[in-house]
Amino acid sequence: LLLLAFLRNVFMPSTPLYCSLVALFAITGCTTIAPVATPVTVPSVEPKTIAKVTGATANGLAPTAAVPASSPAATGAPPTAPPAPAASTAPTRPFNDLIKDAKVTKGWFTTYQKDDKVWLEVLPEQFNQTFAMSMNITHGIGEKNLYGNLMGGYGAAGRGTRMIKFLKLNPGTVQVMAINDSVGPKDETPIGLAVQRAFSDSLVGNAVIASAPHPTRKSVLVELNSLFTSDIAHVSYQLEQAFRQSYALDARNSSIEKIRITDDQLTIATKLHFGLARLAVPTPGAPPGAPVPSIPSLLPDVRSLFMGVQYNIAKLPSVVMVPRAADARIGYFSTSQWDYSDASQRVPQVRHVNRWRLEKKDEAATLSEPKQPIVFWLDKNIPEKYRASITEGVLEWNKAFEKIGFKNAVVVKQQTTTDDFDTSDLRHASIRWLIGRDVPFGARGPSITDPRSGEILDADIEISDSQTRALTARYREDTPRPVASSADYAAAPRSFLSKSAHLADGHVCDYAHQKIDDMIFSLELLEARGEMVIGSPENDAFIAAGLKDLMAHEVGHTLGLRHNFRASTIYTEAQISDPAFTKANGLSGSVMDYNTINLGLPNQRQSEYFMSTLGPYDYWAIEYGYRPIAPAQEKEVLAKIAGRSAEPLLAYDTDEDAGFPGVDGVDPDINRGDLTNDPLAHYRKRVKLVRELWDKLQTRQLPAGTSYEQLRRNFDRGFANLNSIADLSAKYVGGVRLLRDYSGTGRLPITPVPVKQQREALNLIAENLFSESNFVFAPGFLNRLAIDYLNRESQIFSGGGGMISGVSLSLPERILAMQRTVLSRLTSDAVARRLSDAEALSATGAAPLSVSELYATLTNKIWSELDSGQAVSSTRRNLQREHLRWMVTLLKRDGAAVPGDARGAARSQAKTLLAKLDNAKRKAKSSTDQRAHFDDSADQLRAALNALAMRSPA
Ligand SMILES: [Zn+2]
């Protein structure tokens, strides 16, 4: 998924990635071109590693899991400061005496290991230099975002990357300081002096200098154990957030597992022990929804667990890459700096696109290989059968780079079992496999950038094992994940963004999840049609094409690109139904959209299912970020490239435009999960596909001895589809088209959605989601929708993850849940306000859709039985009650809080409805339940209208 403004470095969950340090390629086998940043007195040697070293012992903690939550290790005022006071006097023990008989590992830095201690030799010139430090979670506990192979730290350490300096505090102590690198200038100018006093750096940790300086090199020895067997990555925060238990770091049972040093990177792999003195128990009588303590479900003993954290300290590029300005019309993640030196800037924030350093080997050639390609390593943990599809998805991007003169800009290499590097380091951009019971993303592509320039330094795409397993083994799930509606996003507190481990800095990528649900739905339907056999070569090809599509998307993030959720609107249904067209042009403007699978109706020609190639936007975006431009021409050329943004094929809008936590999506063309230039028609088609699958399920004869749970899953998959359609189609009503154009394009950037389209959307909703016609099933069908009992047993007794399956199936509840999604949006204050605003925004003078028309349409469609005289089913009574609940609530609200036209329109509808109910009561011969429903509804309306009249006489 995500996902993933990324202020500068990494973000952890789904940001793009980056990598392009000169030195990166020294390791990956490419040529090194730039001089190293720091003089090194120790000669470069082959990478060396040392074996496991046990951890710090000086903190006085008991050697068991019983760590009091209040211990310094648990709370850590500076997060990593050892409890012992810093030494203020110079150590006198001779350097060579201390390291006598120690195992030496040489490289950019040198380490010495003896017994359980590791010392780092820091040369005088290595102090006060800025280095990049990244941290990655290498080993986890398999649940709650605590997985192995995650890039980044947790919570306050969320971005996982720091720019650090070794500072000598006094003769006896060294500090590792994280530099506040997003503000400047920090010079001696008047404004620089002010900036220096305005912002703070952060302490990563400190350590005691263990010996007198080296007699000739004047270097000192710093003890690494206490520095890095600490909670720099903020794991304890993540544990507390996940389980509401006070896990604390137990340094005595933590250790440095491995040290690896190359000529430009120092890697320290740790195994950290977290313990719990006693389990917290839920407080009796806690209010519903209050967070309650829980326990990890996959540990032998819940009081003790180990996490692997790898720290990488590396040189920054000695020559800073020339930054490229970000432009709102093209979707790049950006690195921003607050530069106060220029008083003429309204906002002193400078944004640079995140991109790899890419320079032609032969500048004069039309087509040249880069001096250093962008290398993605396929981790040795990727199952072999998927490596080819993944490679294809990565290399697809070379087409865009070729257009701007680069040959083989992107390269894929395979890590082998004998390669001595970990893709969690800072020098190997990678794609790797990740396993957990409840991984909330299907794939993500975080990255790390140089804060000075936006240069991508490292990126690791993580693919959840559940992705491919779902397709090959049929996902063992009973309930599809709930679909978060754009209204949910809008209602979510902003803190939601920072809470989730797969969200950060506004970036989310759920593409893989969405794709998987969509792929399984499509596979089931194709199988039911008899067009595809599970396990057949066609099936394998389908999965491979889906994986390639997914990888192209994730790699796009790691090249710096954000989502483009308008891209899917550039082609017609006829175009994407033509496989020759889609092979050349794609299904959509960009692989960075969440394009749905292009599944034809039974009588339609089947075209390509997935994006098999880049779209027009992708070429354009890569040109903006990566086209080599002479500095003197840069501003002019970039303006020209970005100036094409009004070309229809280059349509772009991103996450926050589609709807996001705290931000309502208002443009019905900017969506996750649609296709074609007529999304409404696409939704109608999808409703038909859902109904087709359900029809086929009803007549399906399962072979004897087959579990019924497969029927149940597919039944619910249909509802997941309808939930998505409900949410997206409702965006038309009160919708506003937003374009990112700058002046001169001849288009208006803000336009209300035409009334005709809003009415069409209301019709679609009434016909397909409010009416019962799509929810009629053959007698006996629902009785066959049994669950997977073994899976349920796991969920209940052994923490199998996911929701616990209900045994019984409530069709009315499923229908009502979907209808609530759409009704809550249509009756929201925000929609009423936008409809009223549309009057002033109508550039043509055309009458907008009025609030009164919307509310009247809802009443007429939802209460249509009052006009037709037909009986009202229990399903329809549910919908009517939901509608009535909104109406009554609105009438009772303080008038000052209700949008202008909404209360008058609702009051008018309430009176009309009340009259119809009274009329129906007089003449209808209906069931007892229906009569009671009408009576109750009329009484509620009468009471609400009376109360309103008392407050504000009509
Ligand atoms: Zn994405």
# chains A, B, ... in the order shown; residues from 1 in each chain; ligands from 1

call {"tool": "closest_atom_pairs", "arguments": {"of": "range 511-576 of chain A", "to": "range 643-648 of chain A", "cutoff": "10 Å", "atoms": "only C-alpha atoms", "output": "tab-separated table"}}
result
residue	atom	partner	partner_atom	distance
A:Ala567	CA	A:Pro648	CA	9.5
A:Thr569	CA	A:Pro648	CA	9.2
A:Ile570	CA	A:Pro648	CA	6.7
A:Tyr571	CA	A:Pro648	CA	9.7

call {"tool": "closest_atom_pairs", "arguments": {"of": "range 283-334 of chain A", "to": "range 454-469 of chain A", "cutoff": "9 Å", "atoms": "only C-alpha atoms", "output": "tab-separated table"}}
result
residue	atom	partner	partner_atom	distance
A:Leu316	CA	A:Leu457	CA	8.7
A:Val320	CA	A:Glu455	CA	8.4
A:Met321	CA	A:Glu455	CA	6.5
A:Val322	CA	A:Glu455	CA	8.6
A:Pro323	CA	A:Gly454	CA	6.4
A:Arg324	CA	A:Gly454	CA	8.1
A:Ser334	CA	A:Gly454	CA	6.8

call {"tool": "write_last_selection", "arguments": {"atoms": "N, CA, C and O atoms", "output": "PDB file, in the first residue's frame"}}
result
ATOM      1  N   LEU A 316      28.036  10.942   3.928  1.00  0.00           N
ATOM      2  CA  LEU A 316      27.147  11.650   3.018  1.00  0.00           C
ATOM      3  C   LEU A 316      27.919  11.912   1.724  1.00  0.00           C
ATOM      4  O   LEU A 316      29.153  11.914   1.723  1.00  0.00           O
ATOM      5  N   VAL A 320      27.476  17.635  -2.952  1.00  0.00           N
ATOM      6  CA  VAL A 320      26.020  17.665  -2.771  1.00  0.00           C
ATOM      7  C   VAL A 320      25.348  17.705  -4.139  1.00  0.00           C
ATOM      8  O   VAL A 320      25.736  18.487  -5.009  1.00  0.00           O
ATOM      9  N   MET A 321      24.357  16.828  -4.325  1.00  0.00           N
ATOM     10  CA  MET A 321      23.626  16.812  -5.594  1.00  0.00           C
ATOM     11  C   MET A 321      22.914  18.151  -5.795  1.00  0.00           C
ATOM     12  O   MET A 321      22.421  18.740  -4.832  1.00  0.00           O
ATOM     13  N   VAL A 322      22.832  18.589  -7.044  1.00  0.00           N
ATOM     14  CA  VAL A 322      22.103  19.837  -7.308  1.00  0.00           C
ATOM     15  C   VAL A 322      20.616  19.565  -7.081  1.00  0.00           C
ATOM     16  O   VAL A 322      20.037  18.692  -7.709  1.00  0.00           O
ATOM     17  N   PRO A 323      20.008  20.289  -6.159  1.00  0.00           N
ATOM     18  CA  PRO A 323      18.587  20.021  -5.894  1.00  0.00           C
ATOM     19  C   PRO A 323      17.696  20.517  -7.026  1.00  0.00           C
ATOM     20  O   PRO A 323      18.091  21.399  -7.785  1.00  0.00           O
ATOM     21  N   ARG A 324      16.524  19.922  -7.130  1.00  0.00           N
ATOM     22  CA  ARG A 324      15.566  20.362  -8.158  1.00  0.00           C
ATOM     23  C   ARG A 324      14.287  20.801  -7.458  1.00  0.00           C
ATOM     24  O   ARG A 324      13.759  20.072  -6.613  1.00  0.00           O
ATOM     25  N   SER A 334       8.881  15.315  -1.466  1.00  0.00           N
ATOM     26  CA  SER A 334       9.868  16.391  -1.440  1.00  0.00           C
ATOM     27  C   SER A 334      10.577  16.460  -0.106  1.00  0.00           C
ATOM     28  O   SER A 334      10.092  15.977   0.916  1.00  0.00           O
TER      29      SER A 334
END

call {"tool": "residues_around", "arguments": {"residues": "range 626-639 of chain A", "least_positions_apart": "2", "cutoff": "8 Å", "atoms": "only C-alpha atoms", "output": "ChimeraX atom specification"}}
result
/A:355,358-359,401,404-405,622-624,641-643

call {"tool": "residues_around", "arguments": {"residues": "Ser926 in chain A", "least_positions_apart": "4", "cutoff": "9 Å", "atoms": "only C-alpha atoms", "output": "ChimeraX atom specification"}}
result
/A:871-872,921,930-931

call {"tool": "write_last_selection", "arguments": {"atoms": "N, CA, C and O atoms", "output": "mmCIF file, in the first residue's frame"}}
result
data_model
loop_
_atom_site.group_PDB
_atom_site.id
_atom_site.type_symbol
_atom_site.label_atom_id
_atom_site.label_comp_id
_atom_site.auth_asym_id
_atom_site.auth_seq_id
_atom_site.Cartn_x
_atom_site.Cartn_y
_atom_site.Cartn_z
ATOM 1 N N ALA A 871 -45.368 -3.213 -0.214
ATOM 2 C CA ALA A 871 -44.950 -3.570 1.152
ATOM 3 C C ALA A 871 -43.498 -3.161 1.351
ATOM 4 O O ALA A 871 -42.701 -3.144 0.417
ATOM 5 N N VAL A 872 -43.146 -2.830 2.598
ATOM 6 C CA VAL A 872 -41.770 -2.433 2.904
ATOM 7 C C VAL A 872 -41.067 -3.606 3.585
ATOM 8 O O VAL A 872 -41.496 -4.065 4.637
ATOM 9 N N LYS A 921 -50.887 5.265 6.817
ATOM 10 C CA LYS A 921 -51.450 4.570 7.980
ATOM 11 C C LYS A 921 -52.954 4.373 7.817
ATOM 12 O O LYS A 921 -53.512 3.368 8.200
ATOM 13 N N GLN A 930 -44.525 -3.471 9.791
ATOM 14 C CA GLN A 930 -44.530 -2.274 8.946
ATOM 15 C C GLN A 930 -45.389 -1.174 9.576
ATOM 16 O O GLN A 930 -45.021 -0.003 9.573
ATOM 17 N N ARG A 931 -46.538 -1.574 10.112
ATOM 18 C CA ARG A 931 -47.408 -0.587 10.755
ATOM 19 C C ARG A 931 -46.688 0.079 11.936
ATOM 20 O O ARG A 931 -46.707 1.295 12.107
#
